[in-house]
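Student: Dropping in entry-v3.csv, which is CSV, C-alpha atoms:
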```
chain,number,residue,atom,x,y,z
A,18,MET,CA,33.9,33.4,39.6
A,19,ASP,CA,37.2,35.1,39.4
A,20,ILE,CA,40.6,33.4,39.7
A,21,LYS,CA,40.9,34.5,43.3
A,22,GLY,CA,37.7,32.7,44.2
A,23,SER,CA,38.6,29.4,42.3
A,24,LYS,CA,41.8,29.2,44.1
A,25,GLY,CA,40.1,29.5,47.3
A,26,ILE,CA,37.7,26.6,46.5
A,27,VAL,CA,40.5,24.3,45.4
A,28,ILE,CA,42.4,25.0,48.6
A,29,GLY,CA,39.3,24.3,50.7
A,30,MET,CA,38.7,21.0,49.0
A,31,ALA,CA,42.3,19.9,49.5
A,32,VAL,CA,42.1,20.8,53.2
A,33,LEU,CA,38.9,18.8,53.6
A,34,LEU,CA,40.3,15.8,51.8
A,35,ILE,CA,43.4,15.8,54.1
A,36,VAL,CA,41.2,16.0,57.1
A,37,LEU,CA,39.1,13.0,56.0
A,38,LEU,CA,42.2,10.9,55.2
A,39,ALA,CA,43.6,11.7,58.6
A,40,VAL,CA,40.3,10.6,60.2
A,41,VAL,CA,40.2,7.3,58.2
A,42,ALA,CA,43.8,6.6,59.0
A,43,GLY,CA,43.1,7.1,62.7
A,44,PHE,CA,40.2,4.6,62.6
A,45,ILE,CA,42.3,2.0,60.7
A,46,TYR,CA,45.1,2.3,63.1
A,47,LYS,CA,42.8,1.9,66.0
A,48,ASP,CA,41.2,-1.2,64.5
A,49,PHE,CA,44.5,-2.6,63.6
A,50,ILE,CA,45.8,-2.4,67.1
A,51,ALA,CA,42.5,-3.8,68.5
A,52,ASN,CA,42.3,-6.8,66.0
A,53,SER,CA,45.7,-8.0,64.9
A,54,GLY,CA,44.2,-10.9,62.7
A,55,ASP,CA,44.8,-11.1,59.0
A,56,GLY,CA,41.1,-11.2,58.2
A,57,GLU,CA,40.6,-8.0,60.1
A,58,LEU,CA,43.5,-6.4,58.4
A,59,ALA,CA,42.0,-7.2,55.0
A,60,GLU,CA,38.7,-5.9,56.1
A,61,ALA,CA,40.3,-2.8,57.3
A,62,THR,CA,42.0,-2.4,54.0
A,63,ALA,CA,38.7,-2.8,52.2
A,64,THR,CA,37.2,-0.2,54.5
A,65,VAL,CA,40.0,2.2,53.5
A,66,GLU,CA,39.4,1.6,49.9
A,67,THR,CA,35.7,2.2,50.4
A,68,ILE,CA,36.3,5.5,52.1
A,69,ALA,CA,38.7,6.5,49.3
A,70,GLU,CA,36.1,5.7,46.7
A,71,ALA,CA,33.5,7.5,48.6
A,72,THR,CA,35.8,10.5,48.9
A,73,ALA,CA,36.5,10.4,45.2
A,74,LEU,CA,32.9,10.1,44.4
A,75,MET,CA,32.1,13.0,46.6
A,76,ALA,CA,34.8,15.0,45.0
A,77,THR,CA,33.5,14.3,41.5
A,78,ALA,CA,29.8,14.5,42.5
A,79,THR,CA,30.0,17.9,44.1
A,80,PRO,CA,30.1,20.6,41.5
A,81,VAL,CA,32.9,23.0,42.1
A,82,SER,CA,30.6,25.9,41.5
A,83,GLU,CA,28.3,24.9,44.4
A,84,VAL,CA,31.1,24.7,46.9
A,85,ALA,CA,30.8,27.9,48.5
A,86,VAL,CA,33.8,27.6,50.5
A,87,GLU,CA,35.3,31.0,50.6
A,88,ILE,CA,38.3,31.5,52.4
A,89,MET,CA,38.4,35.0,53.6
A,90,THR,CA,41.3,36.7,52.4
A,91,LEU,CA,43.1,38.2,55.4
A,92,THR,CA,43.5,41.8,54.9
A,93,PRO,CA,47.0,42.4,56.0
A,94,ILE,CA,47.2,44.6,58.9
A,95,PRO,CA,49.2,47.6,58.0
A,96,THR,CA,52.5,47.4,59.5
A,97,ALA,CA,52.6,50.0,62.2
A,98,VAL,CA,55.4,52.2,61.5
A,99,PHE,CA,56.6,53.3,64.8
A,100,THR,CA,58.1,56.6,64.5
A,101,GLU,CA,60.5,56.8,67.4
A,102,THR,CA,59.7,59.9,69.1
A,103,PRO,CA,63.1,61.4,69.9
A,104,ILE,CA,63.7,61.6,73.6
A,105,PRO,CA,64.0,65.2,74.3
A,106,THR,CA,67.6,66.0,74.8
A,107,ASP,CA,68.2,66.9,78.3
A,108,THR,CA,68.8,70.5,78.6
A,109,PRO,CA,72.4,70.7,79.7
A,110,VAL,CA,72.7,72.0,83.2
A,111,PRO,CA,74.3,75.4,82.9
A,112,THR,CA,77.9,75.2,84.0
A,113,GLU,CA,78.4,77.1,87.1
A,114,THR,CA,80.6,80.0,86.4
A,115,PRO,CA,83.3,79.7,89.0
A,116,LEU,CA,83.4,82.5,91.4
A,117,PRO,CA,86.5,84.6,91.1
A,118,THR,CA,89.0,83.5,93.6
A,119,ALA,CA,89.2,86.3,96.1
A,120,THR,CA,92.6,87.6,96.3
A,121,ASN,CA,93.7,89.6,99.2
A,122,THR,CA,94.3,92.9,97.6
A,123,PRO,CA,96.5,94.8,99.9
A,124,VAL,CA,94.6,97.8,101.1
A,125,PRO,CA,96.7,100.8,100.1
A,126,ALA,CA,98.1,102.5,103.1
A,127,ILE,CA,96.3,105.7,103.8
A,128,ILE,CA,98.8,108.4,103.4
A,129,TYR,CA,97.7,111.5,105.3
A,130,PRO,CA,99.0,114.7,103.8
A,131,THR,CA,101.7,116.1,105.9
A,132,ALA,CA,100.7,119.4,107.3
A,133,THR,CA,102.9,122.0,105.9
A,134,PRO,CA,104.3,123.7,108.8
A,135,VAL,CA,103.2,127.3,108.9
A,136,PRO,CA,106.2,129.5,109.4
A,137,PRO,CA,105.9,131.3,112.6
A,138,THR,CA,104.7,134.8,112.1
A,139,ALA,CA,107.5,137.1,112.8
A,140,THR,CA,106.7,139.1,115.8
A,141,ILE,CA,107.0,142.7,114.9
A,142,VAL,CA,108.9,144.4,117.6
A,143,PRO,CA,108.0,148.1,117.5
A,144,THR,CA,110.9,150.2,116.8
A,145,PRO,CA,111.8,152.0,119.9
A,146,SER,CA,110.9,155.6,119.7
A,147,GLY,CA,114.3,156.4,121.3
A,148,PRO,CA,117.3,154.9,123.1
A,149,GLN,CA,116.6,152.0,125.4
A,150,ALA,CA,117.8,151.8,129.0
A,151,GLY,CA,120.8,149.5,129.8
A,152,ALA,CA,123.4,148.8,132.5
A,153,PRO,CA,126.8,149.8,131.1
A,154,ASN,CA,129.7,148.7,133.2
A,155,GLY,CA,127.3,147.5,135.9
A,156,ILE,CA,125.7,151.0,136.3
A,157,ARG,CA,121.9,151.2,136.1
A,158,ALA,CA,119.2,153.6,137.1
A,159,THR,CA,116.3,152.2,139.3
A,160,HIS,CA,114.4,155.5,139.3
A,161,TYR,CA,114.1,158.5,137.1
A,162,ALA,CA,111.1,160.9,137.3
A,163,LEU,CA,110.1,164.6,137.1
A,164,GLN,CA,109.1,166.3,140.2
A,165,ALA,CA,105.8,168.0,140.8
A,166,ARG,CA,107.4,171.4,141.3
A,167,SER,CA,108.7,171.4,137.7
A,168,ASN,CA,107.8,174.4,135.5
A,169,ILE,CA,107.4,172.7,132.1
A,170,SER,CA,107.8,175.7,129.8
A,171,VAL,CA,110.4,177.5,127.8
A,172,ASN,CA,113.3,178.4,130.1
A,173,GLY,CA,111.3,177.0,133.0
A,174,LYS,CA,112.9,174.9,135.7
A,175,ILE,CA,112.1,171.3,135.0
A,176,TRP,CA,113.1,169.3,138.2
A,177,PHE,CA,114.0,165.6,138.0
A,178,GLU,CA,115.3,163.0,140.4
A,179,PHE,CA,117.1,159.7,140.0
A,180,VAL,CA,118.6,156.7,141.8
A,181,ILE,CA,121.7,154.9,140.5
A,182,VAL,CA,122.9,151.3,141.5
A,183,ASN,CA,126.4,149.9,141.0
A,184,ASP,CA,126.3,146.2,140.2
A,185,SER,CA,129.9,146.0,139.1
A,186,GLY,CA,131.4,145.0,142.4
A,187,GLY,CA,133.8,147.9,142.5
A,188,GLU,CA,134.1,151.6,141.9
A,189,VAL,CA,133.5,152.7,138.3
A,190,PRO,CA,135.1,155.9,137.1
A,191,TYR,CA,132.9,158.2,134.8
A,192,SER,CA,133.0,161.7,133.4
A,193,ALA,CA,129.3,162.8,133.0
A,194,LEU,CA,126.0,161.8,134.5
A,195,GLY,CA,122.8,163.9,133.8
A,196,THR,CA,119.7,164.6,131.7
A,197,MET,CA,119.9,164.6,127.9
A,198,PRO,CA,117.0,166.5,126.0
A,199,ARG,CA,116.0,165.0,122.6
A,200,LYS,CA,114.0,166.9,120.0
A,201,ASN,CA,112.7,165.4,116.7
A,202,GLY,CA,114.8,162.3,117.2
A,203,VAL,CA,118.1,164.2,117.7
A,204,ASP,CA,120.0,164.6,121.0
A,205,ARG,CA,120.5,168.3,121.8
A,206,LEU,CA,123.9,168.2,123.5
A,207,GLU,CA,124.0,171.9,123.9
A,208,TRP,CA,121.2,171.8,126.4
A,209,TYR,CA,122.5,168.7,128.2
A,210,GLN,CA,122.3,169.1,132.0
A,211,ASN,CA,125.2,167.5,133.9
A,212,SER,CA,124.4,166.6,137.4
A,213,TRP,CA,127.5,164.6,138.5
A,214,GLY,CA,131.0,163.8,137.3
A,215,GLY,CA,133.7,165.7,135.5
A,216,ASN,CA,136.2,165.8,138.3
A,217,ASP,CA,137.7,162.3,138.0
A,218,ASP,CA,134.6,161.0,139.8
A,219,VAL,CA,133.9,157.3,140.4
A,220,MET,CA,130.5,155.6,141.0
A,221,PRO,CA,130.7,154.1,144.6
A,222,LEU,CA,129.5,150.5,145.3
A,223,GLY,CA,126.5,151.9,147.1
A,224,GLY,CA,125.5,154.0,144.1
A,225,LEU,CA,123.9,157.4,144.5
A,226,SER,CA,120.7,159.3,144.4
A,227,ALA,CA,120.2,163.0,143.5
A,228,GLU,CA,117.9,165.6,142.1
A,229,ASP,CA,118.5,168.5,139.7
A,230,HIS,CA,116.7,170.7,137.1
A,231,ILE,CA,117.1,171.5,133.4
A,232,GLU,CA,116.1,174.6,131.4
A,233,ILE,CA,115.4,174.5,127.7
A,234,PRO,CA,115.2,177.8,125.8
A,235,GLU,CA,113.3,176.6,122.7
A,236,ALA,CA,109.6,175.6,122.3
A,237,GLY,CA,108.7,172.2,120.9
A,238,ASP,CA,108.1,168.5,121.8
A,239,TYR,CA,111.0,166.8,123.7
A,240,THR,CA,111.9,163.7,125.6
A,241,LEU,CA,114.1,163.7,128.7
A,242,ARG,CA,116.3,160.7,129.8
A,243,LEU,CA,119.2,159.9,132.2
A,244,VAL,CA,122.6,159.3,130.6
A,245,ILE,CA,126.2,158.6,131.6
A,246,CYS,CA,129.5,158.9,129.7
A,247,PHE,CA,132.7,157.1,130.7
A,248,GLU,CA,135.2,158.9,128.5
A,249,SER,CA,137.1,162.1,129.5
A,250,LYS,CA,135.3,165.2,130.4
A,251,ASP,CA,136.4,167.1,127.3
A,252,VAL,CA,135.5,164.2,125.0
A,253,CYS,CA,132.1,163.7,126.6
A,254,ARG,CA,131.3,167.5,126.5
A,255,SER,CA,132.6,168.0,123.0
A,256,GLY,CA,130.1,165.5,121.5
A,257,HIS,CA,132.6,163.0,120.5
A,258,GLY,CA,132.0,160.8,123.6
A,259,THR,CA,129.3,158.1,124.0
A,260,PHE,CA,126.3,158.8,126.3
A,261,HIS,CA,124.8,155.5,127.5
A,262,THR,CA,121.1,155.6,128.4
A,263,LEU,CA,120.2,154.6,131.9
A,264,SER,CA,116.4,155.2,132.1
A,265,GLN,CA,113.2,155.5,130.1
A,266,GLU,CA,112.3,158.6,128.2
A,267,ILE,CA,109.9,161.2,129.6
A,268,PRO,CA,108.0,163.2,126.9
A,269,ILE,CA,107.3,166.9,127.5
A,270,THR,CA,106.0,169.8,125.4
A,271,LEU,CA,107.3,173.3,125.8
A,272,ASN,CA,105.3,176.4,124.8
```
Any chance you could give the structure as structure tokens?

Tutor:
Amino acid sequence: MDIKGSKGIVIGMAVLLIVLLAVVAGFIYKDFIANSGDGELAEATATVETIAEATALMATATPVSEVAVEIMTLTPIPTAVFTETPIPTDTPVPTETPLPTATNTPVPAIIYPTATPVPPTATIVPTPSGPQAGAPNGIRATHYALQARSNISVNGKIWFEFVIVNDSGGEVPYSALGTMPRKNGVDRLEWYQNSWGGNDDVMPLGGLSAEDHIEIPEAGDYTLRLVICFESKDVCRSGHGTFHTLSQEIPITLN
């Protein structure tokens, strides 16, 4: 028997002895209470001694090897090591990204391009082919035309007629009134046909109307128009005076 087994037997015997002593003590106390006489107390004491002897006898009589009291050795329960499972860390709630504060961005004013003014196209006035009619000193012609009986040829009689109006409000002196031939853009004064004036004449308030003819000795393209000159007769006929145009030009061709 190993040391561990011997220790177990000894401990078992000691426990059994304690139990027996406790039982005997209980009986003695009971008897003592029930019988308080001296004789009974002596008897009880004898009884205790008897039990003690018996117990000692039993202890010595019983071989230790035959007491098979084996106290089971309690196998210690392994201490449970509680591994504290870490509580999963709460996933942090994502911080809300603050929305950008809307700022009232001023809407840029729409600037429409200013239309560049187109310069007005210059109206091209055709250059007059010849002198233009006017009303010098209030004198103007309301009619000037060739007559049907005209012989439009070299040295032919080319008949014309005209009507003059005086808007001046009074009589207007003049020196020459007639038809001026124009060839290649040049007045041909030498073939001018004077119909009225030259004798200190004046244009009456009622105006006048007349007819006359002109003869041109040279072939070519011409224009005929009614003219008037207010300077002296000699100045007008010499070519130094000014002949003012009173009517439109009439083109003719002489062969």

Student: Could you name the residues that touch Pro198 (chain A) at 12 Å or less, counting all atoms listed in the file, but leaving out those on the same chain fewer than 6 positions away, as an mmCIF file with C-alpha atoms, in the frame of the given file?

Tutor:
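Wrote it out as out_17.cif, contents follow:
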```cif
data_model
loop_
_atom_site.group_PDB
_atom_site.id
_atom_site.type_symbol
_atom_site.label_atom_id
_atom_site.label_comp_id
_atom_site.auth_asym_id
_atom_site.auth_seq_id
_atom_site.Cartn_x
_atom_site.Cartn_y
_atom_site.Cartn_z
ATOM 1 C CA GLY A 147 114.300 156.400 121.300
ATOM 2 C CA PRO A 148 117.300 154.900 123.100
ATOM 3 C CA ILE A 175 112.100 171.300 135.000
ATOM 4 C CA ASP A 204 120.000 164.600 121.000
ATOM 5 C CA ARG A 205 120.500 168.300 121.800
ATOM 6 C CA LEU A 206 123.900 168.200 123.500
ATOM 7 C CA GLU A 207 124.000 171.900 123.900
ATOM 8 C CA TRP A 208 121.200 171.800 126.400
ATOM 9 C CA TYR A 209 122.500 168.700 128.200
ATOM 10 C CA GLN A 210 122.300 169.100 132.000
ATOM 11 C CA ASN A 211 125.200 167.500 133.900
ATOM 12 C CA HIS A 230 116.700 170.700 137.100
ATOM 13 C CA ILE A 231 117.100 171.500 133.400
ATOM 14 C CA GLU A 232 116.100 174.600 131.400
ATOM 15 C CA ILE A 233 115.400 174.500 127.700
ATOM 16 C CA PRO A 234 115.200 177.800 125.800
ATOM 17 C CA GLU A 235 113.300 176.600 122.700
ATOM 18 C CA GLY A 237 108.700 172.200 120.900
ATOM 19 C CA ASP A 238 108.100 168.500 121.800
ATOM 20 C CA TYR A 239 111.000 166.800 123.700
ATOM 21 C CA THR A 240 111.900 163.700 125.600
ATOM 22 C CA LEU A 241 114.100 163.700 128.700
ATOM 23 C CA ARG A 242 116.300 160.700 129.800
ATOM 24 C CA LEU A 243 119.200 159.900 132.200
ATOM 25 C CA VAL A 244 122.600 159.300 130.600
ATOM 26 C CA THR A 262 121.100 155.600 128.400
ATOM 27 C CA GLU A 266 112.300 158.600 128.200
ATOM 28 C CA ILE A 267 109.900 161.200 129.600
ATOM 29 C CA PRO A 268 108.000 163.200 126.900
ATOM 30 C CA ILE A 269 107.300 166.900 127.500
ATOM 31 C CA THR A 270 106.000 169.800 125.400
ATOM 32 C CA LEU A 271 107.300 173.300 125.800
#
```

Student: What separation in Å, quoted to one decimal, exists between CA of Gly155 (chain A) and CA of Gly215 (chain A)?

Tutor: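 For CA of Gly155 (chain A) relative to CA of Gly215 (chain A), the distance reads 19.3 Å.
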
Student: Please indicate the distance in Å from CA of Ala162 (chain A) to CA of Ser264 (chain A), rounded to one decimal place.

Tutor: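 Computing it gives 9.4 Å between the two atoms.
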
Student: Between CA of Val203 (chain A) and CA of Gly256 (chain A), what is the spacing in Å?

Tutor: 12.7 Å

Student: For a quick check of understanding, using all atoms listed in the file, which of A:Ser192, A:Ser185, A:Gln164, A:Ser255 has the smallest distance to Val219 (chain A)?

Tutor: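 Nearest to Val219 (chain A): A:Ser192.
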